[in-house]
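Structure file coords_3.cif (mmCIF, C-alpha atoms) follows.
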```cif
data_protein
#
loop_
_atom_site.group_PDB
_atom_site.id
_atom_site.type_symbol
_atom_site.label_atom_id
_atom_site.label_comp_id
_atom_site.auth_asym_id
_atom_site.auth_seq_id
_atom_site.Cartn_x
_atom_site.Cartn_y
_atom_site.Cartn_z
ATOM 1 C CA MET P 1 25.662 12.213 -29.640
ATOM 2 C CA ASN P 2 22.315 13.687 -28.715
ATOM 3 C CA ARG P 3 20.787 16.515 -30.638
ATOM 4 C CA PRO P 4 19.516 19.524 -28.681
ATOM 5 C CA GLY P 5 16.085 18.783 -27.309
ATOM 6 C CA SER P 6 16.533 15.022 -27.634
ATOM 7 C CA SER P 7 17.054 12.568 -24.832
ATOM 8 C CA SER P 8 19.215 9.500 -24.573
ATOM 9 C CA ARG P 9 16.630 7.938 -22.267
ATOM 10 C CA THR P 10 14.073 5.671 -23.827
ATOM 11 C CA PRO P 11 10.587 6.354 -22.480
ATOM 12 C CA ARG P 12 9.143 3.442 -20.547
ATOM 13 C CA ALA P 13 5.500 2.547 -20.489
ATOM 14 C CA THR P 14 3.394 2.141 -17.404
ATOM 15 C CA ARG P 15 2.721 -1.515 -16.653
ATOM 16 C CA GLU P 16 -0.642 -2.584 -15.249
ATOM 17 C CA PHE P 17 -1.450 -5.807 -13.384
ATOM 18 C CA ALA P 18 -4.649 -7.440 -12.158
ATOM 19 C CA ALA P 19 -5.413 -7.528 -8.440
ATOM 20 C CA HIS P 20 -8.345 -8.549 -6.237
ATOM 21 C CA THR P 21 -10.272 -5.828 -4.379
ATOM 22 C CA LEU P 22 -10.784 -6.187 -0.629
ATOM 23 C CA ALA P 23 -11.655 -2.506 -0.074
ATOM 24 C CA ALA P 24 -12.382 0.095 -2.737
ATOM 25 C CA GLY P 25 -10.360 3.205 -3.465
ATOM 26 C CA SER P 26 -7.684 4.690 -5.694
ATOM 27 C CA ALA P 27 -4.300 5.945 -4.516
ATOM 28 C CA GLY P 28 -0.648 5.925 -5.350
ATOM 29 C CA GLY P 29 2.701 6.658 -3.866
ATOM 30 C CA ALA P 30 6.149 5.378 -3.136
ATOM 31 C CA PRO P 31 6.178 1.676 -2.339
ATOM 32 C CA LEU P 32 7.313 0.415 1.049
ATOM 33 C CA ALA P 33 7.701 -3.337 1.468
ATOM 34 C CA VAL P 34 7.320 -4.372 5.098
ATOM 35 C CA GLU P 35 7.492 -7.633 6.967
ATOM 36 C CA PRO P 36 4.224 -8.743 8.603
ATOM 37 C CA LEU P 37 3.183 -6.078 11.103
ATOM 38 C CA SER P 38 0.736 -5.940 13.984
ATOM 39 C CA PHE P 39 -0.623 -2.408 14.101
ATOM 40 C CA TRP P 40 -1.657 -3.008 17.729
ATOM 41 C CA GLY P 41 1.464 -2.067 19.666
ATOM 42 C CA GLY P 42 3.559 -1.996 16.507
ATOM 43 C CA TYR P 43 2.480 1.308 14.925
ATOM 44 C CA ASP P 44 2.341 4.832 16.338
ATOM 45 C CA THR P 45 -0.745 6.483 14.855
ATOM 46 C CA GLU P 46 0.292 9.982 15.924
ATOM 47 C CA ARG P 47 3.768 9.930 14.385
ATOM 48 C CA GLY P 48 3.002 7.427 11.615
ATOM 49 C CA LEU P 49 5.917 5.157 12.501
ATOM 50 C CA ILE P 50 6.478 1.448 12.892
ATOM 51 C CA VAL P 51 7.485 1.177 16.564
ATOM 52 C CA GLU P 52 7.694 -2.575 17.163
ATOM 53 C CA PRO P 53 11.315 -2.841 18.404
ATOM 54 C CA ALA P 54 12.033 -6.197 16.765
ATOM 55 C CA HIS P 55 10.435 -5.275 13.432
ATOM 56 C CA PRO P 56 12.960 -4.947 10.551
ATOM 57 C CA GLN P 57 11.359 -1.666 9.442
ATOM 58 C CA CYS P 58 11.105 -0.157 12.955
ATOM 59 C CA GLY P 59 11.312 3.632 12.671
ATOM 60 C CA LEU P 60 9.981 3.837 9.110
ATOM 61 C CA SER P 61 6.813 5.707 8.224
ATOM 62 C CA LEU P 62 3.908 4.243 6.273
ATOM 63 C CA ALA P 63 2.262 7.649 5.847
ATOM 64 C CA GLY P 64 1.278 8.212 2.228
ATOM 65 C CA LYS P 65 3.076 5.077 1.022
ATOM 66 C CA VAL P 66 1.789 2.075 -0.882
ATOM 67 C CA MET P 67 2.367 -0.543 1.801
ATOM 68 C CA LEU P 68 3.389 -3.934 0.430
ATOM 69 C CA MET P 69 2.983 -6.592 3.112
ATOM 70 C CA PRO P 70 2.732 -10.317 2.460
ATOM 71 C CA ARG P 71 0.336 -10.808 5.382
ATOM 72 C CA ALA P 72 -0.591 -9.187 8.668
ATOM 73 C CA LYS P 73 0.046 -10.533 12.131
ATOM 74 C CA GLY P 74 -1.192 -9.971 15.621
ATOM 75 C CA SER P 75 -4.247 -8.802 17.414
ATOM 76 C CA SER P 76 -7.743 -8.128 16.168
ATOM 77 C CA SER P 77 -7.283 -4.683 17.740
ATOM 78 C CA SER P 78 -5.012 -3.856 14.799
ATOM 79 C CA SER P 79 -8.108 -2.841 12.828
ATOM 80 C CA SER P 80 -8.862 0.050 15.193
ATOM 81 C CA VAL P 81 -5.231 1.199 15.168
ATOM 82 C CA LEU P 82 -5.134 1.125 11.357
ATOM 83 C CA ALA P 83 -8.421 3.039 11.121
ATOM 84 C CA GLU P 84 -7.044 5.681 13.517
ATOM 85 C CA ALA P 85 -3.832 6.014 11.502
ATOM 86 C CA ILE P 86 -5.877 6.497 8.333
ATOM 87 C CA ARG P 87 -8.031 9.128 10.086
ATOM 88 C CA ASN P 88 -4.892 10.945 11.278
ATOM 89 C CA GLY P 89 -3.327 10.917 7.809
ATOM 90 C CA THR P 90 -0.439 8.833 9.147
ATOM 91 C CA GLY P 91 -1.517 5.553 7.577
ATOM 92 C CA PRO P 92 -0.663 4.100 4.193
ATOM 93 C CA ALA P 93 -2.204 5.532 1.022
ATOM 94 C CA ALA P 94 -2.869 2.009 -0.294
ATOM 95 C CA ILE P 95 -2.242 -1.552 0.883
ATOM 96 C CA VAL P 96 -1.208 -4.548 -1.210
ATOM 97 C CA LEU P 97 -1.205 -7.999 0.431
ATOM 98 C CA CYS P 98 -0.500 -11.534 -0.744
ATOM 99 C CA GLU P 99 -2.982 -13.021 1.699
ATOM 100 C CA ALA P 100 -6.404 -11.551 2.346
ATOM 101 C CA ASP P 101 -6.650 -10.392 5.949
ATOM 102 C CA LEU P 102 -9.959 -9.690 7.635
ATOM 103 C CA ILE P 103 -8.452 -7.500 10.373
ATOM 104 C CA VAL P 104 -6.681 -5.177 7.908
ATOM 105 C CA ALA P 105 -9.824 -5.082 5.758
ATOM 106 C CA ILE P 106 -11.968 -4.115 8.756
ATOM 107 C CA GLY P 107 -9.584 -1.255 9.611
ATOM 108 C CA VAL P 108 -9.749 0.104 6.074
ATOM 109 C CA ILE P 109 -13.530 -0.304 5.814
ATOM 110 C CA VAL P 110 -14.098 1.388 9.192
ATOM 111 C CA ALA P 111 -11.981 4.342 8.020
ATOM 112 C CA GLN P 112 -14.119 4.530 4.868
ATOM 113 C CA GLU P 113 -17.390 4.420 6.774
ATOM 114 C CA LEU P 114 -16.545 6.626 9.762
ATOM 115 C CA TYR P 115 -14.066 9.095 8.291
ATOM 116 C CA SER P 116 -14.837 9.015 4.539
ATOM 117 C CA VAL P 117 -11.199 8.206 3.756
ATOM 118 C CA ASN P 118 -10.702 5.526 1.112
ATOM 119 C CA VAL P 119 -7.531 3.458 1.261
ATOM 120 C CA PRO P 120 -7.565 0.812 -1.455
ATOM 121 C CA LEU P 121 -6.782 -2.686 -0.210
ATOM 122 C CA VAL P 122 -5.973 -5.422 -2.725
ATOM 123 C CA THR P 123 -4.379 -8.836 -2.906
ATOM 124 C CA VAL P 124 -1.986 -10.087 -5.569
ATOM 125 C CA ASP P 125 -0.205 -13.377 -6.153
ATOM 126 C CA VAL P 126 3.275 -14.059 -4.768
ATOM 127 C CA ASP P 127 5.088 -13.483 -8.082
ATOM 128 C CA LEU P 128 3.437 -10.119 -8.703
ATOM 129 C CA PHE P 129 4.048 -9.152 -5.074
ATOM 130 C CA ALA P 130 7.789 -9.804 -5.528
ATOM 131 C CA ALA P 131 7.806 -7.722 -8.738
ATOM 132 C CA LEU P 132 6.032 -4.830 -7.005
ATOM 133 C CA CYS P 133 8.491 -4.943 -4.103
ATOM 134 C CA ALA P 134 11.394 -4.774 -6.564
ATOM 135 C CA ALA P 135 9.892 -2.014 -8.742
ATOM 136 C CA GLY P 136 11.428 0.898 -6.845
ATOM 137 C CA VAL P 137 9.112 3.424 -8.504
ATOM 138 C CA PRO P 138 5.684 4.831 -7.611
ATOM 139 C CA LEU P 139 2.785 2.392 -7.609
ATOM 140 C CA TYR P 140 -0.869 3.187 -8.193
ATOM 141 C CA VAL P 141 -3.724 1.038 -6.904
ATOM 142 C CA ASP P 142 -7.197 1.293 -8.405
ATOM 143 C CA ALA P 143 -9.741 -0.886 -6.623
ATOM 144 C CA PRO P 144 -13.264 -0.242 -7.905
ATOM 145 C CA GLY P 145 -16.102 -0.920 -5.516
ATOM 146 C CA ASP P 146 -18.445 -2.163 -8.217
ATOM 147 C CA GLY P 147 -16.986 -5.647 -8.588
ATOM 148 C CA ALA P 148 -14.722 -4.659 -11.478
ATOM 149 C CA GLN P 149 -11.153 -5.957 -11.625
ATOM 150 C CA ALA P 150 -8.665 -4.041 -9.454
ATOM 151 C CA THR P 151 -5.342 -2.992 -10.933
ATOM 152 C CA VAL P 152 -1.882 -2.112 -9.682
ATOM 153 C CA ARG P 153 0.228 0.041 -11.981
ATOM 154 C CA ILE P 154 3.972 0.463 -11.972
ATOM 155 C CA ASP P 155 4.924 3.963 -13.176
ATOM 156 C CA GLN P 156 8.101 3.090 -15.074
ATOM 157 C CA ALA P 157 8.216 6.598 -16.522
ATOM 158 C CA ALA P 158 9.317 7.751 -13.058
ATOM 159 C CA GLN P 159 12.510 5.666 -13.248
#
```
Same coordinates, now as structure tokens:
Amino acid sequence: MNRPGSSSRTPRATREFAAHTLAAGSAGGAPLAVEPLSFWGGYDTERGLIVEPAHPQCGLSLAGKVMLMPRAKGSSSSSSVLAEAIRNGTGPAAIVLCEADLIVAIGVIVAQELYSVNVPLVTVDVDLFAALCAAGVPLYVDAPGDGAQATVRIDQAAQ
């Protein structure tokens, strides 16, 4: 039996993991694991929706989410589409990849340079990626631009 003012829930600590910075920034939000996506033709920058008909997450929004994607696919034009989505506020808040991707990095860096909007972009190993996808709670990405180690935090207190 719980006493008044006490809780039967045990507080959980935030867990923090090392990541590699591809583009600097700090952001957090609800995680959304997506299959590889080509932003060119696969993402609507006005509505913030995945629109590729054959994509498993077609119809879902990346806006304000921590996008977890193992790797990107498709055209080099994806960088301009991603930058536009970030400018519009319909892009992800942060991006976590397993494989470094130059096209995604260019989109994020262009958004930083042209629009002064920082979306952290990091890579993690396959095991950590799987754990982040399974977390089901808000994630926070801190990717310093000064060469320091990036981190991804799982906010277990939100469970």
Once the PyMOL selection byres ((chain P and resi 92-96) around 6) has been applied to the shown file, what residues remain in the selection, as a compact mmCIF listing (two decimals) with C-alpha atoms, in the frame of the given file?
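Saved the output as out23.txt:
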```txt
# COMPACT_ATOMS: atom_id res chain seq x y z
CA ALA P 27 -4.30 5.94 -4.52
CA LEU P 62 3.91 4.24 6.27
CA ALA P 63 2.26 7.65 5.85
CA GLY P 64 1.28 8.21 2.23
CA LYS P 65 3.08 5.08 1.02
CA VAL P 66 1.79 2.08 -0.88
CA MET P 67 2.37 -0.54 1.80
CA LEU P 68 3.39 -3.93 0.43
CA GLY P 91 -1.52 5.55 7.58
CA LEU P 97 -1.20 -8.00 0.43
CA VAL P 119 -7.53 3.46 1.26
CA PRO P 120 -7.56 0.81 -1.46
CA LEU P 121 -6.78 -2.69 -0.21
CA VAL P 122 -5.97 -5.42 -2.72
CA THR P 123 -4.38 -8.84 -2.91
```
Give me, as a tab-separated table, each residue of region 73-148 of chain P that comes within 9 Å of region 30-43 of chain P, together with its shortest interatomic pair and the distance in Å at one decimal, counting only C-alpha atoms, with rows ordered by chain and rising residue number.
```
residue	atom	partner	partner_atom	distance
P:Lys73	CA	P:Ser38	CA	5.0
P:Gly74	CA	P:Ser38	CA	4.8
P:Ser75	CA	P:Trp40	CA	6.4
P:Ser76	CA	P:Trp40	CA	8.1
P:Ser77	CA	P:Trp40	CA	5.9
P:Ser78	CA	P:Trp40	CA	4.5
P:Ser79	CA	P:Phe39	CA	7.6
P:Ser80	CA	P:Trp40	CA	8.2
P:Val81	CA	P:Phe39	CA	5.9
P:Leu82	CA	P:Phe39	CA	6.4
P:Ala85	CA	P:Tyr43	CA	8.6
P:Leu132	CA	P:Pro31	CA	8.0
P:Cys133	CA	P:Ala33	CA	5.9
P:Ala134	CA	P:Ala33	CA	9.0
P:Ala135	CA	P:Pro31	CA	8.3
P:Gly136	CA	P:Pro31	CA	7.0
P:Val137	CA	P:Ala30	CA	6.4
P:Pro138	CA	P:Ala30	CA	4.5
P:Leu139	CA	P:Pro31	CA	6.3
P:Tyr140	CA	P:Ala30	CA	8.9
```
Please provide the set of residues having any atom within 10 Å of region 112-118 of chain P, restricted to all atoms listed in the file, with same-chain residues fewer than 3 positions apart removed, written as a PyMOL selection string.
chain P and resi 23-27+83-84+86-89+93-94+106-109+121
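Straight-line separation from CA of Ala72 (chain P) to CA of Arg15 (chain P): 26.7 Å.
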Could you check which residues have any atom within 12 Å of (-17.8, -10.1, -8.6), counting only C-alpha atoms with coordinates taken straight from the file, and then list them as a PyMOL selection string?
chain P and resi 20-22+144-150
Correct to one decimal, the distance CA of Thr151 (chain P)-CA of Ala18 (chain P) is 4.7 Å
What is the distance between CA of Val141 (chain P) and CA of Arg153 (chain P), in Å to one decimal?
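So the answer is 6.5 Å.
Across P:Leu60, P:Ala157, P:Cys98, P:Val110, the tightest approach to Leu128 (chain P) is made by P:Cys98 when counting all atoms listed in the file.
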Completion of region 131-154 of chain P up to N, CA and C atoms, as a PDB file, in the frame of the given file:
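Listed below is the output, part.pdb:
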```
ATOM      1  N   ALA P 131       7.504  -8.715  -7.700  1.00  0.00           N
ATOM      2  CA  ALA P 131       7.806  -7.722  -8.738  1.00  0.00           C
ATOM      3  C   ALA P 131       7.491  -6.310  -8.251  1.00  0.00           C
ATOM      4  N   LEU P 132       6.396  -6.140  -7.533  1.00  0.00           N
ATOM      5  CA  LEU P 132       6.032  -4.830  -7.005  1.00  0.00           C
ATOM      6  C   LEU P 132       7.051  -4.365  -5.961  1.00  0.00           C
ATOM      7  N   CYS P 133       7.491  -5.286  -5.120  1.00  0.00           N
ATOM      8  CA  CYS P 133       8.491  -4.943  -4.103  1.00  0.00           C
ATOM      9  C   CYS P 133       9.806  -4.503  -4.742  1.00  0.00           C
ATOM     10  N   ALA P 134      10.125  -5.078  -5.884  1.00  0.00           N
ATOM     11  CA  ALA P 134      11.394  -4.774  -6.564  1.00  0.00           C
ATOM     12  C   ALA P 134      11.296  -3.576  -7.504  1.00  0.00           C
ATOM     13  N   ALA P 135      10.089  -3.059  -7.734  1.00  0.00           N
ATOM     14  CA  ALA P 135       9.892  -2.014  -8.742  1.00  0.00           C
ATOM     15  C   ALA P 135      10.681  -0.740  -8.439  1.00  0.00           C
ATOM     16  N   GLY P 136      10.671  -0.285  -7.214  1.00  0.00           N
ATOM     17  CA  GLY P 136      11.428   0.898  -6.845  1.00  0.00           C
ATOM     18  C   GLY P 136      10.919   2.214  -7.422  1.00  0.00           C
ATOM     19  N   VAL P 137       9.727   2.214  -7.942  1.00  0.00           N
ATOM     20  CA  VAL P 137       9.112   3.424  -8.504  1.00  0.00           C
ATOM     21  C   VAL P 137       7.678   3.528  -7.970  1.00  0.00           C
ATOM     22  N   PRO P 138       7.044   4.692  -8.127  1.00  0.00           N
ATOM     23  CA  PRO P 138       5.684   4.831  -7.611  1.00  0.00           C
ATOM     24  C   PRO P 138       4.732   3.759  -8.149  1.00  0.00           C
ATOM     25  N   LEU P 139       3.830   3.356  -7.267  1.00  0.00           N
ATOM     26  CA  LEU P 139       2.785   2.392  -7.609  1.00  0.00           C
ATOM     27  C   LEU P 139       1.434   3.078  -7.453  1.00  0.00           C
ATOM     28  N   TYR P 140       0.483   2.656  -8.252  1.00  0.00           N
ATOM     29  CA  TYR P 140      -0.869   3.187  -8.193  1.00  0.00           C
ATOM     30  C   TYR P 140      -1.841   2.020  -8.102  1.00  0.00           C
ATOM     31  N   VAL P 141      -2.744   2.092  -7.127  1.00  0.00           N
ATOM     32  CA  VAL P 141      -3.724   1.038  -6.904  1.00  0.00           C
ATOM     33  C   VAL P 141      -5.098   1.601  -7.204  1.00  0.00           C
ATOM     34  N   ASP P 142      -5.827   0.917  -8.071  1.00  0.00           N
ATOM     35  CA  ASP P 142      -7.197   1.293  -8.405  1.00  0.00           C
ATOM     36  C   ASP P 142      -8.080   0.090  -8.102  1.00  0.00           C
ATOM     37  N   ALA P 143      -8.883   0.217  -7.063  1.00  0.00           N
ATOM     38  CA  ALA P 143      -9.741  -0.886  -6.623  1.00  0.00           C
ATOM     39  C   ALA P 143     -11.192  -0.424  -6.669  1.00  0.00           C
ATOM     40  N   PRO P 144     -11.866  -0.672  -7.783  1.00  0.00           N
ATOM     41  CA  PRO P 144     -13.264  -0.242  -7.905  1.00  0.00           C
ATOM     42  C   PRO P 144     -14.152  -0.981  -6.908  1.00  0.00           C
ATOM     43  N   GLY P 145     -15.180  -0.307  -6.455  1.00  0.00           N
ATOM     44  CA  GLY P 145     -16.102  -0.920  -5.516  1.00  0.00           C
ATOM     45  C   GLY P 145     -17.271  -1.601  -6.188  1.00  0.00           C
ATOM     46  N   ASP P 146     -17.294  -1.629  -7.495  1.00  0.00           N
ATOM     47  CA  ASP P 146     -18.445  -2.163  -8.217  1.00  0.00           C
ATOM     48  C   ASP P 146     -18.242  -3.589  -8.714  1.00  0.00           C
ATOM     49  N   GLY P 147     -17.249  -4.278  -8.172  1.00  0.00           N
ATOM     50  CA  GLY P 147     -16.986  -5.647  -8.588  1.00  0.00           C
ATOM     51  C   GLY P 147     -16.052  -5.758  -9.774  1.00  0.00           C
ATOM     52  N   ALA P 148     -15.649  -4.634 -10.348  1.00  0.00           N
ATOM     53  CA  ALA P 148     -14.722  -4.659 -11.478  1.00  0.00           C
ATOM     54  C   ALA P 148     -13.326  -5.074 -10.991  1.00  0.00           C
ATOM     55  N   GLN P 149     -12.519  -5.516 -11.922  1.00  0.00           N
ATOM     56  CA  GLN P 149     -11.153  -5.957 -11.625  1.00  0.00           C
ATOM     57  C   GLN P 149     -10.312  -4.800 -11.079  1.00  0.00           C
ATOM     58  N   ALA P 150      -9.606  -5.037  -9.981  1.00  0.00           N
ATOM     59  CA  ALA P 150      -8.665  -4.041  -9.454  1.00  0.00           C
ATOM     60  C   ALA P 150      -7.376  -4.111 -10.261  1.00  0.00           C
ATOM     61  N   THR P 151      -6.627  -3.005 -10.249  1.00  0.00           N
ATOM     62  CA  THR P 151      -5.342  -2.992 -10.933  1.00  0.00           C
ATOM     63  C   THR P 151      -4.288  -2.331 -10.047  1.00  0.00           C
ATOM     64  N   VAL P 152      -3.054  -2.762 -10.272  1.00  0.00           N
ATOM     65  CA  VAL P 152      -1.882  -2.112  -9.682  1.00  0.00           C
ATOM     66  C   VAL P 152      -0.999  -1.726 -10.849  1.00  0.00           C
ATOM     67  N   ARG P 153      -0.612  -0.446 -10.895  1.00  0.00           N
ATOM     68  CA  ARG P 153       0.228   0.041 -11.981  1.00  0.00           C
ATOM     69  C   ARG P 153       1.600   0.404 -11.450  1.00  0.00           C
ATOM     70  N   ILE P 154       2.602   0.058 -12.242  1.00  0.00           N
ATOM     71  CA  ILE P 154       3.972   0.463 -11.972  1.00  0.00           C
ATOM     72  C   ILE P 154       4.279   1.608 -12.920  1.00  0.00           C
TER      73      ILE P 154
END
```
